[in-house]
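Okay, start_1.cif is below, mmCIF, C-alpha atoms:
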```
data_protein
#
loop_
_atom_site.label_atom_id
_atom_site.label_comp_id
_atom_site.auth_asym_id
_atom_site.auth_seq_id
_atom_site.Cartn_x
_atom_site.Cartn_y
_atom_site.Cartn_z
CA MET A 1 26.47 -75.82 121.71
CA GLY A 2 29.98 -76.95 122.36
CA SER A 3 32.72 -77.58 124.87
CA GLY A 4 36.06 -75.93 125.43
CA GLU A 5 37.04 -72.95 127.52
CA PRO A 6 34.31 -70.28 127.43
CA CYS A 7 35.29 -67.23 125.42
CA MET A 8 35.27 -64.25 127.77
CA ILE A 9 35.32 -60.89 125.99
CA ALA A 10 35.29 -57.31 127.19
CA ALA A 11 32.04 -55.44 126.78
CA ARG A 12 34.00 -52.27 126.13
CA PRO A 13 37.48 -50.99 126.95
CA GLY A 14 37.98 -48.70 129.90
CA PRO A 15 37.91 -48.72 133.71
CA VAL A 16 35.87 -50.98 135.94
CA GLN A 17 32.17 -50.18 135.81
CA ASP A 18 30.84 -48.99 139.17
CA SER A 19 27.10 -49.25 138.58
CA ALA A 20 25.22 -51.67 140.83
CA MET A 21 23.99 -54.91 139.32
CA ARG A 22 21.48 -57.58 140.26
CA VAL A 23 22.86 -60.83 138.89
CA LEU A 24 21.01 -64.13 138.54
CA GLY A 25 23.35 -67.06 139.17
CA ILE A 26 22.81 -70.64 137.97
CA GLU A 27 24.81 -73.66 139.15
CA SER A 28 24.30 -77.08 137.52
CA SER A 29 27.75 -78.65 137.34
CA CYS A 30 26.91 -81.96 139.01
CA ASP A 31 24.10 -83.19 141.26
CA GLU A 32 22.76 -79.98 142.78
CA THR A 33 20.68 -77.33 141.05
CA GLY A 34 21.44 -73.93 142.54
CA VAL A 35 19.94 -70.51 141.78
CA ALA A 36 20.59 -67.16 143.47
CA VAL A 37 20.30 -63.41 143.03
CA TYR A 38 23.19 -61.22 144.20
CA ASP A 39 22.83 -57.43 144.42
CA THR A 40 26.16 -55.58 144.24
CA GLY A 41 24.38 -52.36 145.21
CA ILE A 42 23.89 -53.81 148.70
CA GLY A 43 27.06 -55.88 148.88
CA GLY A 44 28.33 -58.11 151.65
CA ALA A 45 26.19 -60.87 153.11
CA ALA A 46 23.06 -58.74 152.68
CA GLY A 47 23.69 -58.57 148.93
CA LEU A 48 22.52 -62.16 148.61
CA ARG A 49 18.85 -61.39 147.98
CA ALA A 50 17.76 -65.02 147.74
CA HIS A 51 19.18 -68.44 146.95
CA ALA A 52 17.87 -71.98 146.70
CA VAL A 53 19.47 -75.37 146.14
CA TYR A 54 17.80 -78.58 145.05
CA SER A 55 19.86 -81.67 145.87
CA GLN A 56 19.69 -84.88 143.84
CA ILE A 57 20.98 -87.08 146.67
CA ALA A 58 17.80 -89.16 146.83
CA LEU A 59 17.85 -89.66 143.05
CA HIS A 60 21.39 -91.07 142.98
CA ALA A 61 21.39 -92.88 146.34
CA GLU A 62 20.27 -96.25 144.95
CA TYR A 63 23.21 -96.20 142.51
CA GLY A 64 25.81 -95.27 145.13
CA GLY A 65 27.04 -92.33 143.07
CA VAL A 66 26.08 -89.69 140.54
CA VAL A 67 24.61 -90.96 137.25
CA PRO A 68 25.37 -88.18 134.73
CA GLU A 69 22.35 -88.72 132.46
CA LEU A 70 19.95 -88.71 135.40
CA ALA A 71 21.63 -85.60 136.78
CA SER A 72 21.18 -83.73 133.49
CA ARG A 73 17.52 -84.69 133.18
CA ASP A 74 16.80 -83.62 136.74
CA HIS A 75 18.42 -80.21 136.12
CA VAL A 76 16.03 -79.82 133.17
CA ARG A 77 13.06 -80.54 135.42
CA LYS A 78 14.09 -78.38 138.36
CA LEU A 79 15.92 -75.34 136.97
CA LEU A 80 13.08 -73.15 135.70
CA PRO A 81 10.84 -73.71 138.75
CA LEU A 82 13.83 -72.92 140.98
CA ILE A 83 14.50 -69.68 139.08
CA ARG A 84 10.86 -68.63 139.54
CA GLN A 85 11.01 -69.51 143.24
CA THR A 86 14.27 -67.61 143.83
CA LEU A 87 13.10 -64.48 142.03
CA ALA A 88 9.86 -64.55 144.03
CA GLU A 89 11.74 -64.88 147.31
CA ALA A 90 13.94 -61.93 146.31
CA GLY A 91 10.85 -59.88 145.50
CA LEU A 92 12.07 -59.42 141.94
CA SER A 93 11.00 -60.21 138.41
CA THR A 94 13.11 -60.91 135.36
CA ALA A 95 12.77 -57.21 134.48
CA ASP A 96 14.81 -56.37 137.60
CA ILE A 97 17.81 -58.52 136.61
CA ASP A 98 20.89 -56.81 135.11
CA GLY A 99 22.96 -59.86 134.18
CA VAL A 100 23.11 -63.66 134.20
CA ALA A 101 25.96 -65.86 135.43
CA TYR A 102 26.17 -69.61 135.06
CA THR A 103 28.64 -72.39 135.76
CA ALA A 104 30.49 -73.12 132.53
CA GLY A 105 32.89 -75.69 134.02
CA PRO A 106 34.45 -77.81 135.31
CA GLY A 107 31.76 -80.44 135.73
CA LEU A 108 29.61 -83.00 133.94
CA VAL A 109 29.17 -81.83 130.37
CA GLY A 110 25.46 -82.64 130.12
CA ALA A 111 24.66 -80.99 133.43
CA LEU A 112 26.70 -77.92 132.51
CA LEU A 113 24.90 -77.57 129.18
CA VAL A 114 21.50 -77.47 130.89
CA GLY A 115 22.48 -74.48 133.02
CA ALA A 116 24.37 -72.78 130.20
CA GLY A 117 21.49 -73.21 127.76
CA VAL A 118 18.91 -71.78 130.15
CA ALA A 119 21.19 -68.89 131.13
CA ARG A 120 22.03 -67.95 127.55
CA ALA A 121 18.36 -68.15 126.53
CA LEU A 122 17.32 -65.90 129.41
CA ALA A 123 20.08 -63.42 128.65
CA TRP A 124 19.16 -63.31 124.95
CA ALA A 125 15.44 -62.92 125.63
CA LEU A 126 16.00 -60.15 128.18
CA GLY A 127 18.82 -58.40 126.31
CA LEU A 128 21.25 -58.89 129.20
CA PRO A 129 24.99 -59.66 129.42
CA ALA A 130 25.83 -63.19 130.49
CA ILE A 131 29.03 -64.81 131.68
CA GLY A 132 30.24 -68.35 132.22
CA VAL A 133 31.82 -68.77 135.65
CA HIS A 134 34.56 -71.19 136.64
CA HIS A 135 33.07 -73.47 139.29
CA MET A 136 36.17 -73.45 141.49
CA GLU A 137 36.53 -69.68 141.23
CA GLY A 138 32.98 -69.53 142.54
CA HIS A 139 34.00 -71.60 145.56
CA LEU A 140 37.17 -69.57 146.03
CA LEU A 141 35.32 -66.25 146.07
CA ALA A 142 32.37 -67.42 148.22
CA PRO A 143 33.98 -66.24 151.51
CA LEU A 144 34.23 -62.74 150.01
CA MET A 145 30.43 -62.54 150.07
CA GLU A 146 30.50 -62.45 153.85
CA ASP A 147 30.86 -59.28 155.90
CA ASP A 148 34.47 -58.12 156.49
CA PRO A 149 35.85 -60.08 153.51
CA PRO A 150 39.59 -60.73 153.19
CA ALA A 151 41.64 -58.72 150.72
CA ALA A 152 44.18 -60.23 148.33
CA PRO A 153 46.83 -61.46 148.51
CA PHE A 154 45.79 -64.61 150.34
CA VAL A 155 46.02 -68.41 150.03
CA ALA A 156 42.90 -70.41 149.23
CA LEU A 157 42.30 -74.03 150.20
CA LEU A 158 39.75 -75.47 147.79
CA VAL A 159 38.64 -78.74 149.31
CA SER A 160 35.67 -80.70 147.98
CA GLY A 161 34.61 -84.03 146.54
CA GLY A 162 36.37 -83.35 143.26
CA HIS A 163 39.19 -80.96 144.16
CA THR A 164 41.85 -80.44 146.79
CA GLN A 165 44.04 -77.50 145.83
CA LEU A 166 46.08 -74.75 147.43
CA VAL A 167 46.02 -71.58 145.36
CA ALA A 168 47.88 -68.30 145.82
CA VAL A 169 45.46 -65.47 145.05
CA ASP A 170 47.33 -62.32 144.04
CA ALA A 171 44.09 -60.65 142.91
CA ILE A 172 40.70 -61.77 141.64
CA GLY A 173 41.45 -63.63 138.43
CA ARG A 174 45.18 -63.93 139.17
CA TYR A 175 45.72 -67.40 140.56
CA ARG A 176 48.83 -69.53 141.06
CA LEU A 177 48.50 -73.23 141.87
CA LEU A 178 50.77 -74.07 144.81
CA GLY A 179 49.76 -77.68 145.30
CA GLU A 180 47.01 -80.21 144.61
CA THR A 181 46.04 -83.80 145.22
CA LEU A 182 47.86 -86.41 143.20
CA ASP A 183 44.96 -88.88 143.45
CA ASP A 184 41.71 -88.73 145.44
CA ALA A 185 40.40 -85.37 146.57
CA ALA A 186 39.76 -85.08 150.32
CA GLY A 187 35.98 -85.21 149.89
CA GLU A 188 36.28 -88.18 147.58
CA ALA A 189 38.41 -89.97 150.19
CA PHE A 190 35.73 -89.27 152.81
CA ASP A 191 33.04 -90.72 150.54
CA LYS A 192 35.01 -93.81 149.55
CA THR A 193 36.12 -94.54 153.12
CA ALA A 194 32.53 -94.25 154.32
CA LYS A 195 31.38 -96.64 151.62
CA MET A 196 34.05 -99.17 152.63
CA MET A 197 32.63 -99.16 156.15
CA GLY A 198 29.05 -99.58 154.98
CA LEU A 199 27.78 -96.03 155.60
CA PRO A 200 24.90 -94.81 153.43
CA TYR A 201 25.32 -92.48 150.43
CA PRO A 202 26.56 -89.78 150.42
CA GLY A 203 29.13 -91.13 152.82
CA GLY A 204 31.34 -88.14 153.60
CA PRO A 205 28.89 -86.23 155.82
CA GLN A 206 27.84 -89.52 157.45
CA LEU A 207 31.46 -90.36 158.28
CA ALA A 208 32.08 -86.89 159.74
CA LYS A 209 28.99 -87.22 161.93
CA LEU A 210 30.08 -90.68 163.08
CA ALA A 211 33.58 -89.39 163.89
CA GLU A 212 32.07 -87.06 166.51
CA THR A 213 31.28 -90.12 168.63
CA GLY A 214 34.65 -91.81 168.09
CA THR A 215 37.51 -91.84 170.59
CA PRO A 216 40.60 -89.97 169.36
CA GLY A 217 43.85 -91.93 169.28
CA VAL A 218 42.38 -95.43 169.23
CA PHE A 219 43.29 -95.60 165.53
CA ARG A 220 46.10 -93.37 164.31
CA PHE A 221 46.72 -93.24 160.59
CA ALA A 222 49.52 -91.61 158.60
CA ARG A 223 49.44 -87.94 157.66
CA PRO A 224 50.21 -88.50 153.94
CA MET A 225 53.13 -86.65 152.33
CA THR A 226 53.77 -84.49 155.39
CA ASP A 227 57.16 -86.15 155.87
CA ARG A 228 58.54 -84.51 152.74
CA PRO A 229 58.69 -80.93 151.42
CA GLY A 230 55.93 -79.46 149.29
CA VAL A 231 52.21 -78.81 149.44
CA ASP A 232 50.80 -81.56 147.23
CA PHE A 233 48.35 -84.06 148.69
CA SER A 234 47.70 -87.79 148.40
CA PHE A 235 44.83 -89.60 150.14
CA SER A 236 44.72 -92.98 148.38
CA GLY A 237 47.24 -94.56 150.77
CA LEU A 238 45.32 -93.30 153.78
CA LYS A 239 42.17 -94.84 152.34
CA THR A 240 43.98 -98.20 152.05
CA GLN A 241 45.19 -97.95 155.67
CA VAL A 242 41.64 -97.46 156.84
CA LEU A 243 40.41 -100.41 154.76
CA LEU A 244 43.01 -102.71 156.31
CA ALA A 245 42.17 -101.48 159.81
CA TRP A 246 38.46 -102.01 159.20
CA ARG A 247 38.91 -105.52 157.80
CA GLY A 248 41.12 -106.50 160.74
CA SER A 249 38.74 -105.13 163.38
CA ASP A 250 35.65 -106.53 165.08
CA GLN A 251 33.58 -104.14 162.87
CA SER A 252 31.42 -103.10 165.80
CA ASP A 253 29.64 -99.75 165.89
CA ALA A 254 32.16 -98.43 168.41
CA THR A 255 35.09 -99.50 166.25
CA ARG A 256 33.50 -97.95 163.18
CA ALA A 257 33.24 -94.64 165.05
CA ASP A 258 36.84 -94.86 166.31
CA ILE A 259 38.14 -95.57 162.80
CA ALA A 260 36.09 -92.69 161.41
CA ARG A 261 37.62 -90.38 164.02
CA GLY A 262 41.13 -91.58 163.22
CA PHE A 263 40.56 -91.05 159.51
CA GLU A 264 39.08 -87.58 159.98
CA ASP A 265 41.92 -86.53 162.27
CA ALA A 266 44.48 -87.67 159.70
CA VAL A 267 42.81 -85.69 156.88
CA VAL A 268 42.35 -82.57 159.03
CA ASP A 269 45.95 -82.63 160.31
CA THR A 270 47.28 -83.13 156.78
CA LEU A 271 45.26 -80.23 155.40
CA ALA A 272 46.39 -77.96 158.25
CA ILE A 273 50.06 -78.83 157.83
CA LYS A 274 49.92 -78.19 154.09
CA CYS A 275 48.03 -74.91 154.57
CA ALA A 276 50.73 -73.64 156.92
CA ARG A 277 53.40 -74.53 154.35
CA ALA A 278 51.44 -72.81 151.59
CA LEU A 279 51.10 -69.64 153.65
CA ASP A 280 54.86 -69.68 154.22
CA ALA A 281 55.50 -70.20 150.50
CA ALA A 282 53.16 -67.35 149.54
CA GLY A 283 54.49 -65.03 152.22
CA CYS A 284 51.10 -64.18 153.72
CA ASN A 285 49.00 -65.09 156.75
CA THR A 286 45.46 -64.97 155.36
CA LEU A 287 43.82 -68.26 154.46
CA VAL A 288 40.49 -68.69 152.68
CA VAL A 289 38.78 -72.09 152.83
CA ALA A 290 36.01 -73.12 150.46
CA GLY A 291 34.35 -76.24 149.08
CA GLY A 292 32.16 -78.90 150.64
CA VAL A 293 34.77 -80.23 153.08
CA GLY A 294 35.19 -76.65 154.29
CA ALA A 295 31.98 -77.18 156.28
CA ASN A 296 33.69 -79.85 158.41
CA ARG A 297 33.66 -78.58 162.00
CA ARG A 298 36.91 -80.21 163.07
CA LEU A 299 38.72 -78.79 160.04
CA ARG A 300 37.39 -75.31 160.80
CA ALA A 301 38.55 -75.51 164.41
CA LYS A 302 42.00 -76.81 163.44
CA LEU A 303 42.60 -74.12 160.82
CA GLN A 304 41.29 -71.41 163.14
CA ALA A 305 43.77 -72.50 165.81
CA MET A 306 46.58 -72.63 163.25
CA ALA A 307 45.79 -69.11 162.03
CA GLU A 308 45.69 -67.72 165.56
CA THR A 309 49.06 -69.29 166.34
CA ARG A 310 50.53 -67.55 163.30
CA GLY A 311 48.87 -64.24 164.13
CA GLY A 312 46.90 -64.53 160.89
CA ARG A 313 43.34 -65.00 159.75
CA VAL A 314 41.23 -67.77 158.24
CA CYS A 315 37.98 -67.05 156.40
CA PHE A 316 35.15 -69.47 155.64
CA PRO A 317 31.83 -69.05 153.86
CA ARG A 318 28.77 -69.94 155.93
CA PRO A 319 28.23 -73.74 155.87
CA ALA A 320 25.27 -73.45 153.45
CA LEU A 321 27.60 -71.86 150.88
CA CYS A 322 30.36 -74.47 151.16
CA THR A 323 28.63 -77.02 148.95
CA ASP A 324 27.65 -76.24 145.35
CA ASN A 325 25.24 -73.32 145.19
CA GLY A 326 24.01 -70.57 142.91
CA ALA A 327 25.10 -67.79 145.29
CA MET A 328 28.80 -68.26 144.59
CA ILE A 329 28.13 -68.22 140.84
CA ALA A 330 26.00 -65.07 141.05
CA PHE A 331 28.69 -63.33 143.13
CA ALA A 332 31.67 -64.38 140.99
CA GLY A 333 29.75 -63.51 137.83
CA ALA A 334 28.75 -60.12 139.23
CA LEU A 335 32.38 -59.20 139.88
CA ARG A 336 33.30 -59.95 136.27
CA LEU A 337 30.19 -58.40 134.74
CA GLN A 338 30.85 -55.22 136.72
CA ALA A 339 34.37 -55.21 135.31
CA GLY A 340 32.88 -55.11 131.82
CA GLN A 341 33.51 -58.77 131.00
CA HIS A 342 30.96 -61.05 129.39
CA ASP A 343 30.80 -63.98 126.98
CA ASP A 344 29.70 -64.09 123.39
CA ALA A 345 26.30 -65.57 122.50
CA SER A 346 27.50 -69.16 122.07
CA VAL A 347 26.45 -71.86 124.51
CA ARG A 348 29.88 -73.16 125.42
CA VAL A 349 30.99 -75.20 128.43
CA ALA A 350 34.31 -76.64 129.62
CA PRO A 351 34.16 -79.96 131.53
CA ARG A 352 37.89 -79.42 132.17
CA TRP A 353 39.07 -75.86 132.67
CA ASP A 354 42.33 -74.55 134.14
CA MET A 355 41.55 -71.74 136.57
CA ALA A 356 44.94 -70.15 135.86
CA SER A 357 43.70 -69.35 132.34
CA LEU A 358 41.08 -66.91 133.65
CA PRO A 359 41.56 -63.20 132.94
CA ALA A 360 42.15 -60.79 135.80
CA VAL A 361 39.33 -58.56 137.02
#
```
For the file at hand, write its structure as structure tokens.
Amino acid sequence: MGSGEPCMIAARPGPVQDSAMRVLGIESSCDETGVAVYDTGIGGAAGLRAHAVYSQIALHAEYGGVVPELASRDHVRKLLPLIRQTLAEAGLSTADIDGVAYTAGPGLVGALLVGAGVARALAWALGLPAIGVHHMEGHLLAPLMEDDPPAAPFVALLVSGGHTQLVAVDAIGRYRLLGETLDDAAGEAFDKTAKMMGLPYPGGPQLAKLAETGTPGVFRFARPMTDRPGVDFSFSGLKTQVLLAWRGSDQSDATRADIARGFEDAVVDTLAIKCARALDAAGCNTLVVAGGVGANRRLRAKLQAMAETRGGRVCFPRPALCTDNGAMIAFAGALRLQAGQHDDASVRVAPRWDMASLPAV
């Protein structure tokens, strides 16, 4: 076992392989255990034969955040039963699987090694090809699982608890970073802001729900870094603004909701402004949005309106596939396995992994 960028090698030289594949996907990068089976012979949304996610929220709630050792141990307990459950729901056995995909990074090293070890053992025992998938590429490609998927080139907004990035996608595996957060990711800012106002863990979804009852405009916060050129993000200053507003308020339930609405509006507006700039920079009008914050209803509405104004298109995965899940790993892995790519037999993960280093498909 080891860490470092997974070594992706070609199974054999030649053109892309066209044969259909049923790929088992395993996601264990942080605090959710995800398993799925994707069938390229069916394709589209129907190609997702089955998927299941086990969340560790209850396990980590008393600590107010993810405890890596506990996360790893829980993946050990839950992964094999979840694989059995998912295969049963798909009406398949291990004999029906043609390949295995697993999250190789980025993520918590112990959690990643659980998924990688199980995946490599299954692949070895069944004589199947296996491939380590980049977690953020999985998110990026998740909208392509839906019916009527977008075609490259497009711009992807990857927005989650750990990442906020704008990426130009010239083709699958050909990625150019246009901009990213210089401090907190958008999801992280949601979680930390919620915690400051006393909302229960995990705070981000709780804050978004509370914002629905808030009155817009009562609290107006800055739209960070929108007053200067570029598509980088910064949310730490916004978080400080909210803290000062909360401390100086009456801290009533109504005020908490109004502050939550003001914060959410600031994040959503900032993301929309930067997305428009990124589309201009990339010279295209198709935007793909993925990651946990991509499930936010106000963000979806704002970006949809922005795309319509430009005469373009915005594509989202279904809300269940915005957060970490095995489906995105099975799908991304299937695309690479079909292209003849797979890893060697080593169990290797990469807690830090530059997506630009991935080979093209």
Given the PyMOL selection byres ((chain A and resi 218) around 12) and the file above, list the residues it selects as a VMD selection string. chain A and resid 211 214 to 217 219 to 221 245 249 254 to 263 265
Running the PyMOL selection byres ((chain A and resi 166) around 7) on this model by hand, what would come out? Give it as a PyMOL selection string. chain A and resi 155-158+165+167-168+177-180
Residues matched by the PyMOL selection byres ((chain A and resi 315-327) around 7), written as an mmCIF file with C-alpha atoms, keeping the file's coordinate frame:
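Written output follows (result10.cif):
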```cif
data_model
loop_
_atom_site.group_PDB
_atom_site.id
_atom_site.type_symbol
_atom_site.label_atom_id
_atom_site.label_comp_id
_atom_site.auth_asym_id
_atom_site.auth_seq_id
_atom_site.Cartn_x
_atom_site.Cartn_y
_atom_site.Cartn_z
ATOM 1 C CA GLY A 25 23.350 -67.060 139.170
ATOM 2 C CA ILE A 26 22.810 -70.640 137.970
ATOM 3 C CA GLU A 27 24.810 -73.660 139.150
ATOM 4 C CA GLU A 32 22.760 -79.980 142.780
ATOM 5 C CA GLY A 34 21.440 -73.930 142.540
ATOM 6 C CA VAL A 35 19.940 -70.510 141.780
ATOM 7 C CA ALA A 36 20.590 -67.160 143.470
ATOM 8 C CA VAL A 37 20.300 -63.410 143.030
ATOM 9 C CA TYR A 38 23.190 -61.220 144.200
ATOM 10 C CA HIS A 51 19.180 -68.440 146.950
ATOM 11 C CA VAL A 53 19.470 -75.370 146.140
ATOM 12 C CA ALA A 142 32.370 -67.420 148.220
ATOM 13 C CA PRO A 143 33.980 -66.240 151.510
ATOM 14 C CA GLU A 146 30.500 -62.450 153.850
ATOM 15 C CA LEU A 287 43.820 -68.260 154.460
ATOM 16 C CA VAL A 288 40.490 -68.690 152.680
ATOM 17 C CA VAL A 289 38.780 -72.090 152.830
ATOM 18 C CA ALA A 290 36.010 -73.120 150.460
ATOM 19 C CA GLY A 291 34.350 -76.240 149.080
ATOM 20 C CA GLY A 292 32.160 -78.900 150.640
ATOM 21 C CA GLY A 294 35.190 -76.650 154.290
ATOM 22 C CA ALA A 295 31.980 -77.180 156.280
ATOM 23 C CA ARG A 313 43.340 -65.000 159.750
ATOM 24 C CA VAL A 314 41.230 -67.770 158.240
ATOM 25 C CA MET A 328 28.800 -68.260 144.590
ATOM 26 C CA ILE A 329 28.130 -68.220 140.840
ATOM 27 C CA ALA A 330 26.000 -65.070 141.050
ATOM 28 C CA PHE A 331 28.690 -63.330 143.130
#
```
Can you sort out the box for stretch 224-228 of chain A, edges along x, y and z, all listed atoms in, 5 Å on every side, with centre and edge lengths in Å to one decimal, as JSON?
```
{"center_x": 54.4, "center_y": -86.5, "center_z": 154.1, "size_x": 18.3, "size_y": 14.0, "size_z": 13.5}
```
In terms of the shortest atom-to-atom distance over all atoms listed in the file, which of A:Ala152, A:Leu238, A:Ala88, A:Ala116 is closest to A:Asp170?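 So, comparing all the options, the nearest one is A:Ala152.
Atom to atom, atom CA of A:Ala332 and atom CA of A:Ala186 stand 24.1 Å apart.
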